[in-house]
>>> print(open('query_15.csv').read())   # CSV, N, CA and C atoms and all ligand atoms
chain,number,residue,atom,x,y,z
Q,1,MET,N,43.4,16.5,10.2
Q,1,MET,CA,42.7,15.9,11.3
Q,1,MET,C,41.2,16.3,11.2
Q,2,ALA,N,41.0,17.5,10.9
Q,2,ALA,CA,39.6,17.9,10.8
Q,2,ALA,C,38.8,17.1,9.7
Q,3,ASP,N,39.6,16.8,8.6
Q,3,ASP,CA,39.0,16.1,7.5
Q,3,ASP,C,38.5,14.7,7.9
Q,4,THR,N,39.4,14.1,8.7
Q,4,THR,CA,39.1,12.7,9.2
Q,4,THR,C,37.8,12.7,10.0
Q,5,SER,N,37.7,13.7,10.9
Q,5,SER,CA,36.5,13.8,11.7
Q,5,SER,C,35.3,13.9,10.9
Q,6,ALA,N,35.4,14.8,9.9
Q,6,ALA,CA,34.2,15.0,9.0
Q,6,ALA,C,33.8,13.7,8.3
Q,7,ALA,N,34.9,13.0,7.9
Q,7,ALA,CA,34.6,11.8,7.1
Q,7,ALA,C,33.8,10.8,8.0
Q,8,MET,N,34.2,10.7,9.3
Q,8,MET,CA,33.5,9.8,10.2
Q,8,MET,C,32.1,10.1,10.3
Q,9,THR,N,31.8,11.4,10.4
Q,9,THR,CA,30.5,11.9,10.6
Q,9,THR,C,29.6,11.5,9.3
Q,10,ASP,N,30.3,11.7,8.2
Q,10,ASP,CA,29.6,11.4,6.9
Q,10,ASP,C,29.2,9.9,6.9
Q,11,THR,N,30.1,9.0,7.4
Q,11,THR,CA,29.9,7.6,7.3
Q,11,THR,C,28.7,7.2,8.2
Q,12,SER,N,28.6,7.9,9.3
Q,12,SER,CA,27.5,7.6,10.2
Q,12,SER,C,26.2,8.0,9.5
Q,13,THR,N,26.2,9.1,8.9
Q,13,THR,CA,25.0,9.6,8.2
Q,13,THR,C,24.6,8.6,7.0
Q,14,ALA,N,25.6,8.1,6.3
Q,14,ALA,CA,25.4,7.2,5.2
Q,14,ALA,C,24.8,5.9,5.7
Q,15,MET,N,25.2,5.4,6.9
Q,15,MET,CA,24.7,4.2,7.4
Q,15,MET,C,23.2,4.3,7.7
Q,16,THR,N,22.9,5.5,8.2
Q,16,THR,CA,21.5,5.7,8.6
Q,16,THR,C,20.6,5.7,7.3
Q,17,ASP,N,21.1,6.3,6.3
Q,17,ASP,CA,20.4,6.4,5.0
Q,17,ASP,C,20.2,5.0,4.4
Q,18,THR,N,21.3,4.2,4.5
Q,18,THR,CA,21.2,2.8,3.9
Q,18,THR,C,20.2,2.0,4.6
Q,19,THR,N,20.1,2.2,6.0
Q,19,THR,CA,19.2,1.4,6.7
Q,19,THR,C,17.7,1.7,6.3
Q,20,MET,N,17.5,3.0,6.1
Q,20,MET,CA,16.2,3.5,5.7
Q,20,MET,C,15.8,3.0,4.3
Q,21,ALA,N,16.8,3.1,3.4
Q,21,ALA,CA,16.5,2.6,2.1
Q,21,ALA,C,16.2,1.2,2.0
Q,22,ALA,N,16.9,0.4,2.8
Q,22,ALA,CA,16.7,-1.1,2.8
Q,22,ALA,C,15.3,-1.4,3.3
Q,23,ALA,N,14.9,-0.6,4.3
Q,23,ALA,CA,13.5,-0.9,4.9
Q,23,ALA,C,12.5,-0.5,3.9
Q,24,ALA,N,12.7,0.5,3.1
Q,24,ALA,CA,11.7,1.0,2.1
Q,24,ALA,C,11.7,0.1,0.9
Q,25,GLY,N,12.9,-0.4,0.5
Q,25,GLY,CA,12.9,-1.0,-0.8
Q,25,GLY,C,13.1,-2.5,-0.8
Q,26,ASP,N,13.1,-3.1,0.3
Q,26,ASP,CA,13.3,-4.5,0.4
Q,26,ASP,C,12.0,-5.3,0.1
Q,27,THR,N,12.0,-5.8,-1.1
Q,27,THR,CA,10.7,-6.4,-1.6
Q,27,THR,C,10.5,-7.8,-0.9
Q,28,SER,N,11.5,-8.3,-0.2
Q,28,SER,CA,11.3,-9.6,0.4
Q,28,SER,C,10.6,-9.4,1.8
Q,29,ALA,N,10.5,-8.2,2.3
Q,29,ALA,CA,9.8,-8.0,3.5
Q,29,ALA,C,8.3,-8.1,3.3
Q,30,SER,N,7.6,-8.4,4.4
Q,30,SER,CA,6.2,-8.6,4.3
Q,30,SER,C,5.4,-7.4,3.9
Q,31,ALA,N,5.9,-6.2,4.4
Q,31,ALA,CA,5.3,-5.0,4.1
Q,31,ALA,C,5.9,-4.3,2.8
Q,32,THR,N,5.1,-3.8,2.0
Q,32,THR,CA,5.6,-3.1,0.8
Q,32,THR,C,5.6,-1.6,0.9
Q,33,ALA,N,6.5,-1.0,0.2
Q,33,ALA,CA,6.6,0.5,0.3
Q,33,ALA,C,5.4,1.2,-0.2
Q,34,ASP,N,4.9,0.7,-1.3
Q,34,ASP,CA,3.7,1.3,-1.9
Q,34,ASP,C,2.7,0.1,-2.2
Q,35,GLY,N,1.5,0.4,-1.9
Q,35,GLY,CA,0.5,-0.7,-2.0
Q,35,GLY,C,-0.2,-0.6,-3.3
Q,36,ALA,N,-0.2,-1.6,-4.1
Q,36,ALA,CA,-0.9,-1.7,-5.4
Q,36,ALA,C,-1.7,-2.9,-5.4
Q,37,VAL,N,-3.0,-2.7,-5.7
Q,37,VAL,CA,-3.9,-3.9,-5.7
Q,37,VAL,C,-4.6,-3.9,-7.1
Q,38,ALA,N,-4.5,-5.0,-7.8
Q,38,ALA,CA,-5.1,-5.1,-9.1
Q,38,ALA,C,-6.5,-5.7,-9.0
Q,39,ILE,N,-7.4,-5.1,-9.7
Q,39,ILE,CA,-8.8,-5.7,-9.7
Q,39,ILE,C,-8.9,-6.4,-11.1
Q,40,LYS,N,-9.0,-7.7,-11.0
Q,40,LYS,CA,-9.0,-8.4,-12.3
Q,40,LYS,C,-9.8,-9.7,-12.1
Q,41,ASP,N,-10.6,-10.1,-13.1
Q,41,ASP,CA,-11.4,-11.3,-13.0
Q,41,ASP,C,-12.2,-11.4,-11.8
Q,42,PHE,N,-12.8,-10.3,-11.4
Q,42,PHE,CA,-13.7,-10.2,-10.2
Q,42,PHE,C,-13.0,-10.6,-8.9
Q,43,SER,N,-11.7,-10.3,-8.8
Q,43,SER,CA,-11.0,-10.5,-7.6
Q,43,SER,C,-9.9,-9.4,-7.4
Q,44,PHE,N,-9.5,-9.3,-6.1
Q,44,PHE,CA,-8.5,-8.3,-5.8
Q,44,PHE,C,-7.1,-9.1,-5.6
Q,45,THR,N,-6.1,-8.6,-6.3
Q,45,THR,CA,-4.8,-9.2,-6.2
Q,45,THR,C,-3.7,-8.2,-5.8
Q,46,PRO,N,-3.0,-8.4,-4.7
Q,46,PRO,CA,-3.2,-9.5,-3.7
Q,46,PRO,C,-4.5,-9.2,-2.9
Q,47,LYS,N,-5.1,-10.3,-2.6
Q,47,LYS,CA,-6.4,-10.2,-1.8
Q,47,LYS,C,-6.1,-9.6,-0.4
Q,48,ASP,N,-5.0,-9.9,0.2
Q,48,ASP,CA,-4.6,-9.3,1.4
Q,48,ASP,C,-3.3,-8.7,1.2
Q,49,ILE,N,-3.2,-7.4,1.5
Q,49,ILE,CA,-2.0,-6.7,1.3
Q,49,ILE,C,-1.5,-6.1,2.6
Q,50,THR,N,-0.2,-6.1,2.8
Q,50,THR,CA,0.4,-5.6,4.1
Q,50,THR,C,1.2,-4.4,3.7
Q,51,VAL,N,1.0,-3.2,4.4
Q,51,VAL,CA,1.7,-2.0,4.2
Q,51,VAL,C,2.1,-1.4,5.5
Q,52,LYS,N,3.0,-0.4,5.5
Q,52,LYS,CA,3.3,0.3,6.7
Q,52,LYS,C,2.4,1.5,6.8
Q,53,VAL,N,2.2,2.0,8.0
Q,53,VAL,CA,1.4,3.2,8.3
Q,53,VAL,C,1.9,4.3,7.4
Q,54,GLY,N,1.0,5.1,6.8
Q,54,GLY,CA,1.4,6.2,6.0
Q,54,GLY,C,1.5,5.9,4.5
Q,55,THR,N,1.2,4.6,4.2
Q,55,THR,CA,1.4,4.2,2.8
Q,55,THR,C,0.0,4.3,2.1
Q,56,ALA,N,0.2,4.8,0.8
Q,56,ALA,CA,-1.0,4.9,0.0
Q,56,ALA,C,-1.2,3.5,-0.7
Q,57,VAL,N,-2.4,3.1,-0.7
Q,57,VAL,CA,-2.7,1.9,-1.5
Q,57,VAL,C,-3.6,2.3,-2.7
Q,58,THR,N,-3.2,1.8,-3.9
Q,58,THR,CA,-3.9,2.2,-5.1
Q,58,THR,C,-4.5,1.0,-5.7
Q,59,TRP,N,-5.8,1.0,-6.0
Q,59,TRP,CA,-6.5,-0.1,-6.7
Q,59,TRP,C,-6.6,0.3,-8.1
Q,60,THR,N,-6.4,-0.6,-9.0
Q,60,THR,CA,-6.5,-0.3,-10.5
Q,60,THR,C,-7.5,-1.4,-11.0
Q,61,ASN,N,-8.5,-0.9,-11.7
Q,61,ASN,CA,-9.5,-1.8,-12.3
Q,61,ASN,C,-9.0,-2.3,-13.6
Q,62,GLY,N,-8.6,-3.5,-13.7
Q,62,GLY,CA,-8.2,-4.1,-14.9
Q,62,GLY,C,-9.3,-5.0,-15.6
Q,63,ASP,N,-10.5,-4.9,-15.1
Q,63,ASP,CA,-11.6,-5.6,-15.7
Q,63,ASP,C,-12.3,-4.7,-16.7
Q,64,ASP,N,-13.1,-5.4,-17.5
Q,64,ASP,CA,-13.9,-4.6,-18.5
Q,64,ASP,C,-15.3,-4.2,-17.8
Q,65,PHE,N,-15.4,-4.5,-16.5
Q,65,PHE,CA,-16.6,-4.2,-15.8
Q,65,PHE,C,-16.2,-3.2,-14.7
Q,66,ALA,N,-17.2,-2.4,-14.3
Q,66,ALA,CA,-17.0,-1.5,-13.2
Q,66,ALA,C,-17.0,-2.2,-11.9
Q,67,HIS,N,-16.1,-1.7,-11.0
Q,67,HIS,CA,-16.0,-2.2,-9.6
Q,67,HIS,C,-15.9,-1.0,-8.7
Q,68,SER,N,-15.9,-1.2,-7.4
Q,68,SER,CA,-15.7,-0.1,-6.5
Q,68,SER,C,-15.1,-0.7,-5.2
Q,69,ILE,N,-14.6,0.2,-4.4
Q,69,ILE,CA,-14.0,-0.2,-3.1
Q,69,ILE,C,-15.0,0.3,-2.0
Q,70,GLU,N,-15.4,-0.7,-1.2
Q,70,GLU,CA,-16.3,-0.3,-0.1
Q,70,GLU,C,-15.7,-0.8,1.2
Q,71,SER,N,-15.3,0.1,2.0
Q,71,SER,CA,-14.6,-0.4,3.3
Q,71,SER,C,-15.6,-0.8,4.3
Q,72,GLY,N,-15.2,-1.7,5.2
Q,72,GLY,CA,-16.1,-2.2,6.2
Q,72,GLY,C,-16.6,-1.1,7.2
Q,73,ASP,N,-15.7,-0.1,7.4
Q,73,ASP,CA,-16.0,0.9,8.4
Q,73,ASP,C,-16.3,2.3,7.8
Q,74,GLY,N,-16.3,2.3,6.5
Q,74,GLY,CA,-16.6,3.6,5.8
Q,74,GLY,C,-15.5,4.6,5.8
Q,75,SER,N,-14.3,4.1,6.2
Q,75,SER,CA,-13.1,5.1,6.2
Q,75,SER,C,-12.5,5.3,4.8
Q,76,PHE,N,-12.8,4.3,3.9
Q,76,PHE,CA,-12.3,4.5,2.5
Q,76,PHE,C,-13.3,3.8,1.5
Q,77,ASP,N,-13.9,4.7,0.8
Q,77,ASP,CA,-14.9,4.2,-0.2
Q,77,ASP,C,-14.7,4.9,-1.5
Q,78,SER,N,-14.7,4.2,-2.6
Q,78,SER,CA,-14.4,4.8,-3.9
Q,78,SER,C,-15.7,5.1,-4.6
Q,79,GLU,N,-15.7,5.9,-5.6
Q,79,GLU,CA,-16.8,6.0,-6.5
Q,79,GLU,C,-16.7,4.7,-7.4
Q,80,LYS,N,-17.7,4.6,-8.2
Q,80,LYS,CA,-17.6,3.5,-9.2
Q,80,LYS,C,-16.4,3.6,-10.1
Q,81,LEU,N,-15.6,2.5,-10.1
Q,81,LEU,CA,-14.4,2.5,-10.9
Q,81,LEU,C,-14.7,1.8,-12.3
Q,82,ASP,N,-14.6,2.6,-13.3
Q,82,ASP,CA,-14.8,2.0,-14.6
Q,82,ASP,C,-13.5,1.3,-15.0
Q,83,SER,N,-13.5,0.6,-16.1
Q,83,SER,CA,-12.3,-0.1,-16.6
Q,83,SER,C,-11.2,0.9,-16.7
Q,84,GLY,N,-10.0,0.5,-16.1
Q,84,GLY,CA,-8.9,1.3,-16.2
Q,84,GLY,C,-8.8,2.4,-15.1
Q,85,ALA,N,-9.8,2.6,-14.3
Q,85,ALA,CA,-9.8,3.7,-13.3
Q,85,ALA,C,-9.0,3.2,-12.1
Q,86,THR,N,-8.6,4.2,-11.3
Q,86,THR,CA,-7.8,3.9,-10.1
Q,86,THR,C,-8.4,4.6,-8.9
Q,87,PHE,N,-8.1,4.1,-7.8
Q,87,PHE,CA,-8.6,4.7,-6.5
Q,87,PHE,C,-7.4,4.5,-5.5
Q,88,SER,N,-7.1,5.6,-4.8
Q,88,SER,CA,-6.0,5.6,-3.8
Q,88,SER,C,-6.5,6.0,-2.4
Q,89,HIS,N,-6.0,5.4,-1.4
Q,89,HIS,CA,-6.3,5.8,0.0
Q,89,HIS,C,-5.0,5.6,0.8
Q,90,THR,N,-4.7,6.6,1.6
Q,90,THR,CA,-3.5,6.5,2.4
Q,90,THR,C,-3.9,6.1,3.8
Q,91,PHE,N,-3.3,5.0,4.3
Q,91,PHE,CA,-3.6,4.4,5.6
Q,91,PHE,C,-2.7,5.0,6.7
Q,92,ASP,N,-3.3,5.8,7.5
Q,92,ASP,CA,-2.5,6.5,8.6
Q,92,ASP,C,-2.7,5.8,9.9
Q,93,THR,N,-3.5,4.7,10.0
Q,93,THR,CA,-3.7,4.1,11.3
Q,93,THR,C,-3.4,2.6,11.1
Q,94,ALA,N,-2.7,2.0,12.1
Q,94,ALA,CA,-2.4,0.6,12.0
Q,94,ALA,C,-3.7,-0.2,12.3
Q,95,GLY,N,-3.7,-1.4,11.7
Q,95,GLY,CA,-4.8,-2.3,11.9
Q,95,GLY,C,-5.1,-3.1,10.6
Q,96,THR,N,-6.2,-3.9,10.7
Q,96,THR,CA,-6.6,-4.7,9.6
Q,96,THR,C,-7.9,-4.1,9.1
Q,97,PHE,N,-7.9,-3.7,7.8
Q,97,PHE,CA,-9.1,-3.1,7.2
Q,97,PHE,C,-9.7,-4.0,6.1
Q,98,LYS,N,-10.8,-4.5,6.4
Q,98,LYS,CA,-11.4,-5.4,5.4
Q,98,LYS,C,-12.3,-4.5,4.4
Q,99,TYR,N,-12.4,-4.9,3.2
Q,99,TYR,CA,-13.2,-4.1,2.3
Q,99,TYR,C,-13.8,-5.1,1.3
Q,100,ARG,N,-14.7,-4.6,0.5
Q,100,ARG,CA,-15.3,-5.5,-0.6
Q,100,ARG,C,-15.6,-4.6,-1.8
Q,101,CYS,N,-16.0,-5.2,-2.8
Q,101,CYS,CA,-16.5,-4.4,-4.0
Q,101,CYS,C,-17.9,-4.0,-3.7
Q,102,GLY,N,-18.2,-2.8,-3.8
Q,102,GLY,CA,-19.6,-2.3,-3.5
Q,102,GLY,C,-20.6,-2.8,-4.6
Q,103,ILE,N,-20.1,-3.3,-5.7
Q,103,ILE,CA,-21.0,-3.7,-6.7
Q,103,ILE,C,-21.2,-5.3,-6.7
Q,104,HIS,N,-20.1,-5.9,-6.4
Q,104,HIS,CA,-20.1,-7.4,-6.3
Q,104,HIS,C,-19.6,-7.7,-4.9
Q,105,ASN,N,-20.6,-8.0,-4.0
Q,105,ASN,CA,-20.2,-8.1,-2.6
Q,105,ASN,C,-19.4,-9.4,-2.3
Q,106,SER,N,-19.3,-10.3,-3.3
Q,106,SER,CA,-18.5,-11.5,-3.0
Q,106,SER,C,-17.0,-11.2,-3.2
Q,107,MET,N,-16.7,-10.1,-3.8
Q,107,MET,CA,-15.3,-9.7,-3.9
Q,107,MET,C,-14.8,-9.0,-2.6
Q,108,THR,N,-13.9,-9.7,-2.0
Q,108,THR,CA,-13.4,-9.1,-0.7
Q,108,THR,C,-11.9,-9.1,-0.7
Q,109,GLY,N,-11.4,-8.3,0.2
Q,109,GLY,CA,-10.0,-8.2,0.4
Q,109,GLY,C,-9.7,-7.5,1.7
Q,110,SER,N,-8.4,-7.4,2.0
Q,110,SER,CA,-8.1,-6.6,3.3
Q,110,SER,C,-6.8,-5.9,3.1
Q,111,VAL,N,-6.6,-4.9,3.9
Q,111,VAL,CA,-5.4,-4.1,3.9
Q,111,VAL,C,-4.9,-4.2,5.4
Q,112,VAL,N,-3.7,-4.8,5.6
Q,112,VAL,CA,-3.1,-4.9,6.9
Q,112,VAL,C,-2.1,-3.8,7.0
Q,113,VAL,N,-2.3,-2.9,7.9
Q,113,VAL,CA,-1.4,-1.7,8.1
Q,113,VAL,C,-0.6,-1.9,9.4
Q,114,GLU,N,0.7,-2.0,9.1
Q,114,GLU,CA,1.6,-2.2,10.3
Q,114,GLU,C,2.2,-0.9,10.8
Q,115,PRO,N,2.3,-0.8,12.1
Q,115,PRO,CA,2.9,0.4,12.7
Q,115,PRO,C,4.3,0.7,12.3
L,201,CU,CU,-16.8,-5.6,-8.5
>>> encode(input="query_15.csv", output="structure tokens")
Amino acid sequence: MADTSAAMTDTSTAMTDTTMAAAAGDTSASATADGAVAIKDFSFTPKDITVKVGTAVTWTNGDDFAHSIESGDGSFDSEKLDSGATFSHTFDTAGTFKYRCGIHNSMTGSVVVEP
């Protein structure tokens, strides 16, 4: 009898874990678990990325030219990123954060952080 009770408790725990795993790993959802933005051909891909609060977004410069990340509000600014360099920022506040390349101002993108 005691074993049955324990098994039921375990099932409940497992269901909770499954729900959390689905939320974090479901690539069909609009928000991604980890944010990755490629810098290539003078553009950010994806140009607009949606992540959950607490997610780190990493930019990787795939061009042969230096780029940088310059946020609109100064909350996340990178150094000059040479070819192959990366820059990460963890977004702890929900909202839409526009940014651009500090070297090529026509390169723009945004990070949408969902609560
Ligand atoms: Cu640039």
>>> residues_near_ligand(input="query_15.csv", ligand="ligand CU 201 (chain L)", cutoff="6 Å", atoms="only C-alpha atoms and all ligand atoms", output="ChimeraX atom specification")
/Q:42,67-68,101,103-104
>>> atom_distance(input="query_15.csv", atom1="atom CA of Ser83 of chain Q", atom2="atom CA of Lys40 of chain Q")
9.9 Å
>>> closest_residue(input="query_15.csv", among="Q:Asp41, Q:Glu70, Q:Glu79, Q:Glu114", to="Lys98 of chain Q", atoms="only C-alpha atoms")
Q:Glu70
>>> residues_near_point(input="query_15.csv", point="(-13.6, -3.8, 4.1)", cutoff="6 Å", atoms="all atoms listed in the file", output="PDB file with N, CA and C atoms, in the coordinates of the input")
ATOM      1  N   GLU Q  70     -15.400  -0.700  -1.200  1.00  0.00           N
ATOM      2  CA  GLU Q  70     -16.300  -0.300  -0.100  1.00  0.00           C
ATOM      3  C   GLU Q  70     -15.700  -0.800   1.200  1.00  0.00           C
ATOM      4  N   SER Q  71     -15.300   0.100   2.000  1.00  0.00           N
ATOM      5  CA  SER Q  71     -14.600  -0.400   3.300  1.00  0.00           C
ATOM      6  C   SER Q  71     -15.600  -0.800   4.300  1.00  0.00           C
ATOM      7  N   GLY Q  72     -15.200  -1.700   5.200  1.00  0.00           N
ATOM      8  CA  GLY Q  72     -16.100  -2.200   6.200  1.00  0.00           C
ATOM      9  C   GLY Q  72     -16.600  -1.100   7.200  1.00  0.00           C
ATOM     10  N   ASP Q  73     -15.700  -0.100   7.400  1.00  0.00           N
ATOM     11  CA  ASP Q  73     -16.000   0.900   8.400  1.00  0.00           C
ATOM     12  C   ASP Q  73     -16.300   2.300   7.800  1.00  0.00           C
ATOM     13  N   PHE Q  97      -7.900  -3.700   7.800  1.00  0.00           N
ATOM     14  CA  PHE Q  97      -9.100  -3.100   7.200  1.00  0.00           C
ATOM     15  C   PHE Q  97      -9.700  -4.000   6.100  1.00  0.00           C
ATOM     16  N   LYS Q  98     -10.800  -4.500   6.400  1.00  0.00           N
ATOM     17  CA  LYS Q  98     -11.400  -5.400   5.400  1.00  0.00           C
ATOM     18  C   LYS Q  98     -12.300  -4.500   4.400  1.00  0.00           C
ATOM     19  N   TYR Q  99     -12.400  -4.900   3.200  1.00  0.00           N
ATOM     20  CA  TYR Q  99     -13.200  -4.100   2.300  1.00  0.00           C
ATOM     21  C   TYR Q  99     -13.800  -5.100   1.300  1.00  0.00           C
ATOM     22  N   ARG Q 100     -14.700  -4.600   0.500  1.00  0.00           N
ATOM     23  CA  ARG Q 100     -15.300  -5.500  -0.600  1.00  0.00           C
ATOM     24  C   ARG Q 100     -15.600  -4.600  -1.800  1.00  0.00           C
ATOM     25  N   GLY Q 109     -11.400  -8.300   0.200  1.00  0.00           N
ATOM     26  CA  GLY Q 109     -10.000  -8.200   0.400  1.00  0.00           C
ATOM     27  C   GLY Q 109      -9.700  -7.500   1.700  1.00  0.00           C
TER      28      GLY Q 109
END
>>> atom_distance(input="query_15.csv", atom1="atom CA of Leu81 of chain Q", atom2="atom CA of Ser106 of chain Q")
16.6 Å
>>> closest_residue(input="query_15.csv", among="Q:Val113, Q:Ile69, Q:Ala85, Q:Ile39", to="Val53 of chain Q", atoms="all atoms listed in the file")
Q:Val113
>>> atom_distance(input="query_15.csv", atom1="atom N of Thr86 of chain Q", atom2="atom N of Pro115 of chain Q")
26.3 Å
>>> residues_near_point(input="query_15.csv", point="(-7.8, -7.7, 11.7)", cutoff="9 Å", atoms="only C-alpha atoms", output="list in words")
Gly95, Thr96, Phe97, Lys98, Ser110, Val111 and Val112 of chain Q
>>> select_by_dssp(input="query_15.csv", residues="segment 45-92 of chain Q", states="strand (DSSP E)", output="list in words")
Thr45, Asp48, Ile49, Thr50, Val51, Lys52, Thr55, Ala56, Val57, Thr58, Trp59, Thr60, Asn61, Glu70, Ser71, Thr86, Phe87, Ser88, His89, Thr90 and Phe91 of chain Q
>>> write_last_selection(input="query_15.csv", atoms="N, CA and C atoms", output="mmCIF file, keeping the file's coordinate frame")
data_model
loop_
_atom_site.group_PDB
_atom_site.id
_atom_site.type_symbol
_atom_site.label_atom_id
_atom_site.label_comp_id
_atom_site.auth_asym_id
_atom_site.auth_seq_id
_atom_site.Cartn_x
_atom_site.Cartn_y
_atom_site.Cartn_z
ATOM 1 N N THR Q 45 -6.100 -8.600 -6.300
ATOM 2 C CA THR Q 45 -4.800 -9.200 -6.200
ATOM 3 C C THR Q 45 -3.700 -8.200 -5.800
ATOM 4 N N ASP Q 48 -5.000 -9.900 0.200
ATOM 5 C CA ASP Q 48 -4.600 -9.300 1.400
ATOM 6 C C ASP Q 48 -3.300 -8.700 1.200
ATOM 7 N N ILE Q 49 -3.200 -7.400 1.500
ATOM 8 C CA ILE Q 49 -2.000 -6.700 1.300
ATOM 9 C C ILE Q 49 -1.500 -6.100 2.600
ATOM 10 N N THR Q 50 -0.200 -6.100 2.800
ATOM 11 C CA THR Q 50 0.400 -5.600 4.100
ATOM 12 C C THR Q 50 1.200 -4.400 3.700
ATOM 13 N N VAL Q 51 1.000 -3.200 4.400
ATOM 14 C CA VAL Q 51 1.700 -2.000 4.200
ATOM 15 C C VAL Q 51 2.100 -1.400 5.500
ATOM 16 N N LYS Q 52 3.000 -0.400 5.500
ATOM 17 C CA LYS Q 52 3.300 0.300 6.700
ATOM 18 C C LYS Q 52 2.400 1.500 6.800
ATOM 19 N N THR Q 55 1.200 4.600 4.200
ATOM 20 C CA THR Q 55 1.400 4.200 2.800
ATOM 21 C C THR Q 55 0.000 4.300 2.100
ATOM 22 N N ALA Q 56 0.200 4.800 0.800
ATOM 23 C CA ALA Q 56 -1.000 4.900 0.000
ATOM 24 C C ALA Q 56 -1.200 3.500 -0.700
ATOM 25 N N VAL Q 57 -2.400 3.100 -0.700
ATOM 26 C CA VAL Q 57 -2.700 1.900 -1.500
ATOM 27 C C VAL Q 57 -3.600 2.300 -2.700
ATOM 28 N N THR Q 58 -3.200 1.800 -3.900
ATOM 29 C CA THR Q 58 -3.900 2.200 -5.100
ATOM 30 C C THR Q 58 -4.500 1.000 -5.700
ATOM 31 N N TRP Q 59 -5.800 1.000 -6.000
ATOM 32 C CA TRP Q 59 -6.500 -0.100 -6.700
ATOM 33 C C TRP Q 59 -6.600 0.300 -8.100
ATOM 34 N N THR Q 60 -6.400 -0.600 -9.000
ATOM 35 C CA THR Q 60 -6.500 -0.300 -10.500
ATOM 36 C C THR Q 60 -7.500 -1.400 -11.000
ATOM 37 N N ASN Q 61 -8.500 -0.900 -11.700
ATOM 38 C CA ASN Q 61 -9.500 -1.800 -12.300
ATOM 39 C C ASN Q 61 -9.000 -2.300 -13.600
ATOM 40 N N GLU Q 70 -15.400 -0.700 -1.200
ATOM 41 C CA GLU Q 70 -16.300 -0.300 -0.100
ATOM 42 C C GLU Q 70 -15.700 -0.800 1.200
ATOM 43 N N SER Q 71 -15.300 0.100 2.000
ATOM 44 C CA SER Q 71 -14.600 -0.400 3.300
ATOM 45 C C SER Q 71 -15.600 -0.800 4.300
ATOM 46 N N THR Q 86 -8.600 4.200 -11.300
ATOM 47 C CA THR Q 86 -7.800 3.900 -10.100
ATOM 48 C C THR Q 86 -8.400 4.600 -8.900
ATOM 49 N N PHE Q 87 -8.100 4.100 -7.800
ATOM 50 C CA PHE Q 87 -8.600 4.700 -6.500
ATOM 51 C C PHE Q 87 -7.400 4.500 -5.500
ATOM 52 N N SER Q 88 -7.100 5.600 -4.800
ATOM 53 C CA SER Q 88 -6.000 5.600 -3.800
ATOM 54 C C SER Q 88 -6.500 6.000 -2.400
ATOM 55 N N HIS Q 89 -6.000 5.400 -1.400
ATOM 56 C CA HIS Q 89 -6.300 5.800 0.000
ATOM 57 C C HIS Q 89 -5.000 5.600 0.800
ATOM 58 N N THR Q 90 -4.700 6.600 1.600
ATOM 59 C CA THR Q 90 -3.500 6.500 2.400
ATOM 60 C C THR Q 90 -3.900 6.100 3.800
ATOM 61 N N PHE Q 91 -3.300 5.000 4.300
ATOM 62 C CA PHE Q 91 -3.600 4.400 5.600
ATOM 63 C C PHE Q 91 -2.700 5.000 6.700
#
>>> residues_around(input="query_15.csv", residues="segment 43-45 of chain Q", least_positions_apart="4", cutoff="6.5 Å", atoms="all atoms listed in the file", output="ChimeraX atom specification")
/Q:36-39,107-109
